[in-house]
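Here the structure comes first, spelled out in structure tokens, and everything after it is commentary.
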Amino acid sequence: QVQLVESGGGLVQAGDSLRLSCAASGRTFSSIAMGWFRQAPGKEREFVAAISRSAANSAYADSVKGRFTISRDNDKNTVYLQMYSLKHEDTAVYYCAANLGSLYSSIYVRQSDYGYWGQGTQVTVSS
């Protein structure tokens with residue numbers, strides 16, 4: 001079991017930056033691969049970014065590549081999503097997710113790869 005709690009969401013203007021955090025508990029954090037997903041109003045949840053247990057590998061959706069950065073601090077049991085140059089279309093509820101059975105350097109981009117999810121944090125970008 002692992003518990004995930006996101007924070008850092010809010011209302012910002014287009015072009016602003018925001019950093020989301022996801023704190024994990026219940027398992028050794030370095031054994032967990034992590035991902036961020038988002039769900040906009042009226043749309044399905046979609047992949048945003050993922051990072052391996054080792055932090056050596058990461059992946060991004062094309063829509064956020066070059067603007068978002070995923071990172072993790074295994075000492076703080078936290079994964080981050082740094083978002084730059086936010087656009088109105090980035091407005092969504094952002095969820096972090098955990099894969100407990102991951103290989104050391106693997107990254108996972110499918111929702112079905114993740115067995116644990118946070119409650120989500122709202123990001124609203126005004127245009």
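Residues in the structure tokens are numbered from 1 in each chain, the chains being A, B, ... in the order shown, and ligands are numbered from 1 in the order shown.
Around Val79 of chain A, within 7 Å and counting only C-alpha atoms, the residues found are Ser21, Cys22, Ala23, Ser71, Arg72 and Asp73 of chain A, once anything fewer than 3 positions away on its own chain is removed.
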Suppose we keep all heavy atoms; can you now write the selection as a PDB file, in the first residue's frame?
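Final output, saved to part_28.pdb:
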ATOM      1  N   SER A  21       3.609  19.108  -6.103  1.00  0.00           N
ATOM      2  CA  SER A  21       4.318  18.118  -5.300  1.00  0.00           C
ATOM      3  C   SER A  21       3.390  16.943  -5.020  1.00  0.00           C
ATOM      4  O   SER A  21       2.167  17.105  -4.946  1.00  0.00           O
ATOM      5  CB  SER A  21       4.768  18.724  -3.971  1.00  0.00           C
ATOM      6  OG  SER A  21       5.630  19.815  -4.156  1.00  0.00           O
ATOM      7  N   CYS A  22       3.990  15.790  -4.856  1.00  0.00           N
ATOM      8  CA  CYS A  22       3.231  14.600  -4.485  1.00  0.00           C
ATOM      9  C   CYS A  22       4.041  13.864  -3.430  1.00  0.00           C
ATOM     10  O   CYS A  22       5.126  13.350  -3.723  1.00  0.00           O
ATOM     11  CB  CYS A  22       2.980  13.722  -5.695  1.00  0.00           C
ATOM     12  SG  CYS A  22       2.221  12.125  -5.313  1.00  0.00           S
ATOM     13  N   ALA A  23       3.504  13.830  -2.226  1.00  0.00           N
ATOM     14  CA  ALA A  23       4.174  13.160  -1.118  1.00  0.00           C
ATOM     15  C   ALA A  23       3.646  11.739  -0.986  1.00  0.00           C
ATOM     16  O   ALA A  23       2.432  11.521  -0.970  1.00  0.00           O
ATOM     17  CB  ALA A  23       3.947  13.929   0.172  1.00  0.00           C
ATOM     18  N   SER A  71      10.623  15.511 -11.486  1.00  0.00           N
ATOM     19  CA  SER A  71      11.804  15.176 -10.689  1.00  0.00           C
ATOM     20  C   SER A  71      11.331  14.498  -9.417  1.00  0.00           C
ATOM     21  O   SER A  71      10.135  14.487  -9.098  1.00  0.00           O
ATOM     22  CB  SER A  71      12.623  16.424 -10.370  1.00  0.00           C
ATOM     23  OG  SER A  71      11.866  17.332  -9.586  1.00  0.00           O
ATOM     24  N   ARG A  72      12.279  13.933  -8.700  1.00  0.00           N
ATOM     25  CA  ARG A  72      11.933  13.278  -7.449  1.00  0.00           C
ATOM     26  C   ARG A  72      13.054  13.457  -6.446  1.00  0.00           C
ATOM     27  O   ARG A  72      14.229  13.570  -6.815  1.00  0.00           O
ATOM     28  CB  ARG A  72      11.654  11.792  -7.675  1.00  0.00           C
ATOM     29  CG  ARG A  72      12.837  10.976  -8.162  1.00  0.00           C
ATOM     30  CD  ARG A  72      12.386   9.570  -8.564  1.00  0.00           C
ATOM     31  NE  ARG A  72      11.880   8.816  -7.420  1.00  0.00           N
ATOM     32  CZ  ARG A  72      11.057   7.783  -7.516  1.00  0.00           C
ATOM     33  NH1 ARG A  72      10.621   7.386  -8.702  1.00  0.00           N
ATOM     34  NH2 ARG A  72      10.661   7.142  -6.424  1.00  0.00           N
ATOM     35  N   ASP A  73      12.658  13.473  -5.174  1.00  0.00           N
ATOM     36  CA  ASP A  73      13.601  13.522  -4.072  1.00  0.00           C
ATOM     37  C   ASP A  73      13.295  12.310  -3.204  1.00  0.00           C
ATOM     38  O   ASP A  73      12.324  12.317  -2.436  1.00  0.00           O
ATOM     39  CB  ASP A  73      13.438  14.825  -3.294  1.00  0.00           C
ATOM     40  CG  ASP A  73      14.491  14.999  -2.211  1.00  0.00           C
ATOM     41  OD1 ASP A  73      15.019  13.980  -1.725  1.00  0.00           O
ATOM     42  OD2 ASP A  73      14.758  16.142  -1.835  1.00  0.00           O
TER      43      ASP A  73
END
Checklist entry - Can you list every residue in chain A that DSSP puts in helix (DSSP H, G or I), as a list in words? => result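 After running DSSP on the backbone, chain A has helix (DSSP H, G or I) at Phe29, Ser30, Ser31, His88, Glu89, Asp90, Gln111, Ser112 and Asp113 of chain A.
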Item to check | Residue neighbourhood Gly8 of chain A, 9 Å, only C-alpha atoms, exclusion window fewer than 3 positions, as a list in words | outcome: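 Counting only C-alpha atoms, the residues come to Leu18, Arg19, Leu20, Ser21, Cys22, Thr121, Gln122 and Val123 of chain A.
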Next on the checklist: Report as JSON, numbers by chain all protein, DNA and RNA residues lying within 12 Å of Asn77 of chain A, evaluated on only C-alpha atoms, omitting residues in the same chain fewer than 2 positions from it.
Outcome noted: {"A": [2, 3, 4, 5, 21, 22, 23, 24, 25, 26, 27, 28, 29, 30, 31, 32, 33, 34, 53, 71, 72, 73, 74, 75, 79, 80, 98]}
Taking N, CA, C and O atoms for each residue, export the selection above as a compact mmCIF listing (two decimals), in the first residue's frame.
# COMPACT_ATOMS: atom_id res chain seq x y z
N VAL A 2 0.39 2.26 -0.67
CA VAL A 2 1.06 3.55 -0.65
C VAL A 2 0.00 4.63 -0.69
O VAL A 2 -1.03 4.48 -1.35
N GLN A 3 0.25 5.68 0.04
CA GLN A 3 -0.66 6.83 0.04
C GLN A 3 0.03 7.99 -0.66
O GLN A 3 1.22 8.23 -0.44
N LEU A 4 -0.73 8.69 -1.48
CA LEU A 4 -0.20 9.80 -2.27
C LEU A 4 -1.03 11.05 -2.01
O LEU A 4 -2.27 10.99 -2.06
N VAL A 5 -0.35 12.15 -1.76
CA VAL A 5 -1.04 13.41 -1.52
C VAL A 5 -0.41 14.49 -2.37
O VAL A 5 0.77 14.83 -2.19
N SER A 21 3.61 19.11 -6.10
CA SER A 21 4.32 18.12 -5.30
C SER A 21 3.39 16.94 -5.02
O SER A 21 2.17 17.11 -4.95
N CYS A 22 3.99 15.79 -4.86
CA CYS A 22 3.23 14.60 -4.48
C CYS A 22 4.04 13.86 -3.43
O CYS A 22 5.13 13.35 -3.72
N ALA A 23 3.50 13.83 -2.23
CA ALA A 23 4.17 13.16 -1.12
C ALA A 23 3.65 11.74 -0.99
O ALA A 23 2.43 11.52 -0.97
N ALA A 24 4.56 10.80 -0.87
CA ALA A 24 4.19 9.39 -0.77
C ALA A 24 4.54 8.84 0.60
O ALA A 24 5.52 9.25 1.22
N SER A 25 3.73 7.92 1.06
CA SER A 25 4.00 7.25 2.32
C SER A 25 3.50 5.82 2.24
O SER A 25 2.66 5.49 1.41
N GLY A 26 4.07 4.98 3.08
CA GLY A 26 3.63 3.60 3.15
C GLY A 26 4.56 2.61 2.51
O GLY A 26 4.43 1.41 2.73
N ARG A 27 5.46 3.09 1.67
CA ARG A 27 6.42 2.21 1.02
C ARG A 27 7.74 2.95 0.89
O ARG A 27 7.79 4.18 0.92
N THR A 28 8.83 2.21 0.72
CA THR A 28 10.12 2.83 0.44
C THR A 28 10.02 3.55 -0.90
O THR A 28 9.83 2.91 -1.94
N PHE A 29 10.15 4.86 -0.87
CA PHE A 29 9.87 5.66 -2.05
C PHE A 29 10.77 5.31 -3.22
O PHE A 29 10.35 5.34 -4.38
N SER A 30 12.00 4.97 -2.93
CA SER A 30 12.95 4.66 -4.01
C SER A 30 12.59 3.37 -4.75
O SER A 30 13.20 3.06 -5.78
N SER A 31 11.63 2.63 -4.26
CA SER A 31 11.20 1.42 -4.92
C SER A 31 10.01 1.63 -5.84
O SER A 31 9.49 0.68 -6.42
N ILE A 32 9.57 2.88 -5.97
CA ILE A 32 8.33 3.20 -6.68
C ILE A 32 8.61 4.07 -7.89
O ILE A 32 9.24 5.12 -7.78
N ALA A 33 8.11 3.65 -9.05
CA ALA A 33 8.12 4.53 -10.21
C ALA A 33 6.89 5.44 -10.14
O ALA A 33 5.82 5.00 -9.71
N MET A 34 7.06 6.67 -10.56
CA MET A 34 5.98 7.65 -10.38
C MET A 34 5.57 8.28 -11.71
O MET A 34 6.36 8.36 -12.66
N ARG A 53 12.32 4.84 -10.94
CA ARG A 53 12.74 4.75 -9.54
C ARG A 53 14.08 5.44 -9.34
O ARG A 53 14.30 6.12 -8.33
N SER A 71 10.62 15.51 -11.49
CA SER A 71 11.80 15.18 -10.69
C SER A 71 11.33 14.50 -9.42
O SER A 71 10.13 14.49 -9.10
N ARG A 72 12.28 13.93 -8.70
CA ARG A 72 11.93 13.28 -7.45
C ARG A 72 13.05 13.46 -6.45
O ARG A 72 14.23 13.57 -6.82
N ASP A 73 12.66 13.47 -5.17
CA ASP A 73 13.60 13.52 -4.07
C ASP A 73 13.29 12.31 -3.20
O ASP A 73 12.32 12.32 -2.44
N ASN A 74 14.10 11.29 -3.33
CA ASN A 74 13.83 10.05 -2.60
C ASN A 74 14.02 10.20 -1.09
O ASN A 74 13.45 9.44 -0.31
N ASP A 75 14.81 11.19 -0.69
CA ASP A 75 14.97 11.44 0.74
C ASP A 75 13.73 12.07 1.34
O ASP A 75 13.45 11.90 2.54
N VAL A 79 7.66 13.47 -5.29
CA VAL A 79 7.87 13.69 -6.72
C VAL A 79 7.29 15.05 -7.06
O VAL A 79 6.28 15.48 -6.48
N TYR A 80 7.94 15.74 -7.98
CA TYR A 80 7.54 17.09 -8.34
C TYR A 80 7.20 17.17 -9.83
O TYR A 80 7.71 16.40 -10.65
N ALA A 98 1.47 5.90 -8.61
CA ALA A 98 2.60 5.07 -8.20
C ALA A 98 2.52 3.68 -8.79
O ALA A 98 1.45 3.06 -8.81
Item to check | Neighbour list for Asp16 of chain A as a PyMOL selection string, cut-off 8 Å, only C-alpha atoms, skip fewer than 3 positions in-chain | outcome: chain A and resi 12-13+84-86
Can you write out the residues you just picked, keeping N, CA, C and O atoms, as a PDB file, in the first residue's frame?
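Below is the file out.pdb, written as the result:
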ATOM      1  N   VAL A  12      -3.475  30.441 -11.879  1.00  0.00           N
ATOM      2  CA  VAL A  12      -2.378  31.255 -12.387  1.00  0.00           C
ATOM      3  C   VAL A  12      -2.775  31.834 -13.741  1.00  0.00           C
ATOM      4  O   VAL A  12      -3.772  31.431 -14.339  1.00  0.00           O
ATOM      5  N   GLN A  13      -1.956  32.749 -14.220  1.00  0.00           N
ATOM      6  CA  GLN A  13      -2.183  33.335 -15.528  1.00  0.00           C
ATOM      7  C   GLN A  13      -1.334  32.612 -16.575  1.00  0.00           C
ATOM      8  O   GLN A  13      -0.299  31.999 -16.249  1.00  0.00           O
ATOM      9  N   TYR A  84       6.288  25.247 -16.484  1.00  0.00           N
ATOM     10  CA  TYR A  84       6.635  26.572 -16.968  1.00  0.00           C
ATOM     11  C   TYR A  84       5.738  26.935 -18.151  1.00  0.00           C
ATOM     12  O   TYR A  84       5.156  26.076 -18.795  1.00  0.00           O
ATOM     13  N   SER A  85       5.685  28.223 -18.431  1.00  0.00           N
ATOM     14  CA  SER A  85       4.953  28.709 -19.615  1.00  0.00           C
ATOM     15  C   SER A  85       3.574  28.076 -19.720  1.00  0.00           C
ATOM     16  O   SER A  85       3.176  27.549 -20.770  1.00  0.00           O
ATOM     17  N   LEU A  86       2.843  28.134 -18.642  1.00  0.00           N
ATOM     18  CA  LEU A  86       1.535  27.491 -18.604  1.00  0.00           C
ATOM     19  C   LEU A  86       0.580  28.109 -19.610  1.00  0.00           C
ATOM     20  O   LEU A  86       0.596  29.322 -19.862  1.00  0.00           O
TER      21      LEU A  86
END
Checklist entry - Mind checking DSSP for chain A and telling me the strand (DSSP E) residues as a ChimeraX atom specification? => result /A:3-7,10-13,18-25,33-39,46-51,58-60,68-73,78-83,92-99,116-117,121-126
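Using only C-alpha atoms, the nearest neighbour of Lys65 of chain A within the list A:Val125, A:Ala49, A:Leu81, A:Leu103 is A:Ala49.
For the atom pair formed by atom CA of Gly15 of chain A and atom CA of Ser127 of chain A, the distance is 8.9 Å, given to one decimal.
Pairwise distance (atom CA of Gly120 of chain A, atom CA of Tyr94 of chain A) equals 5.2 Å.
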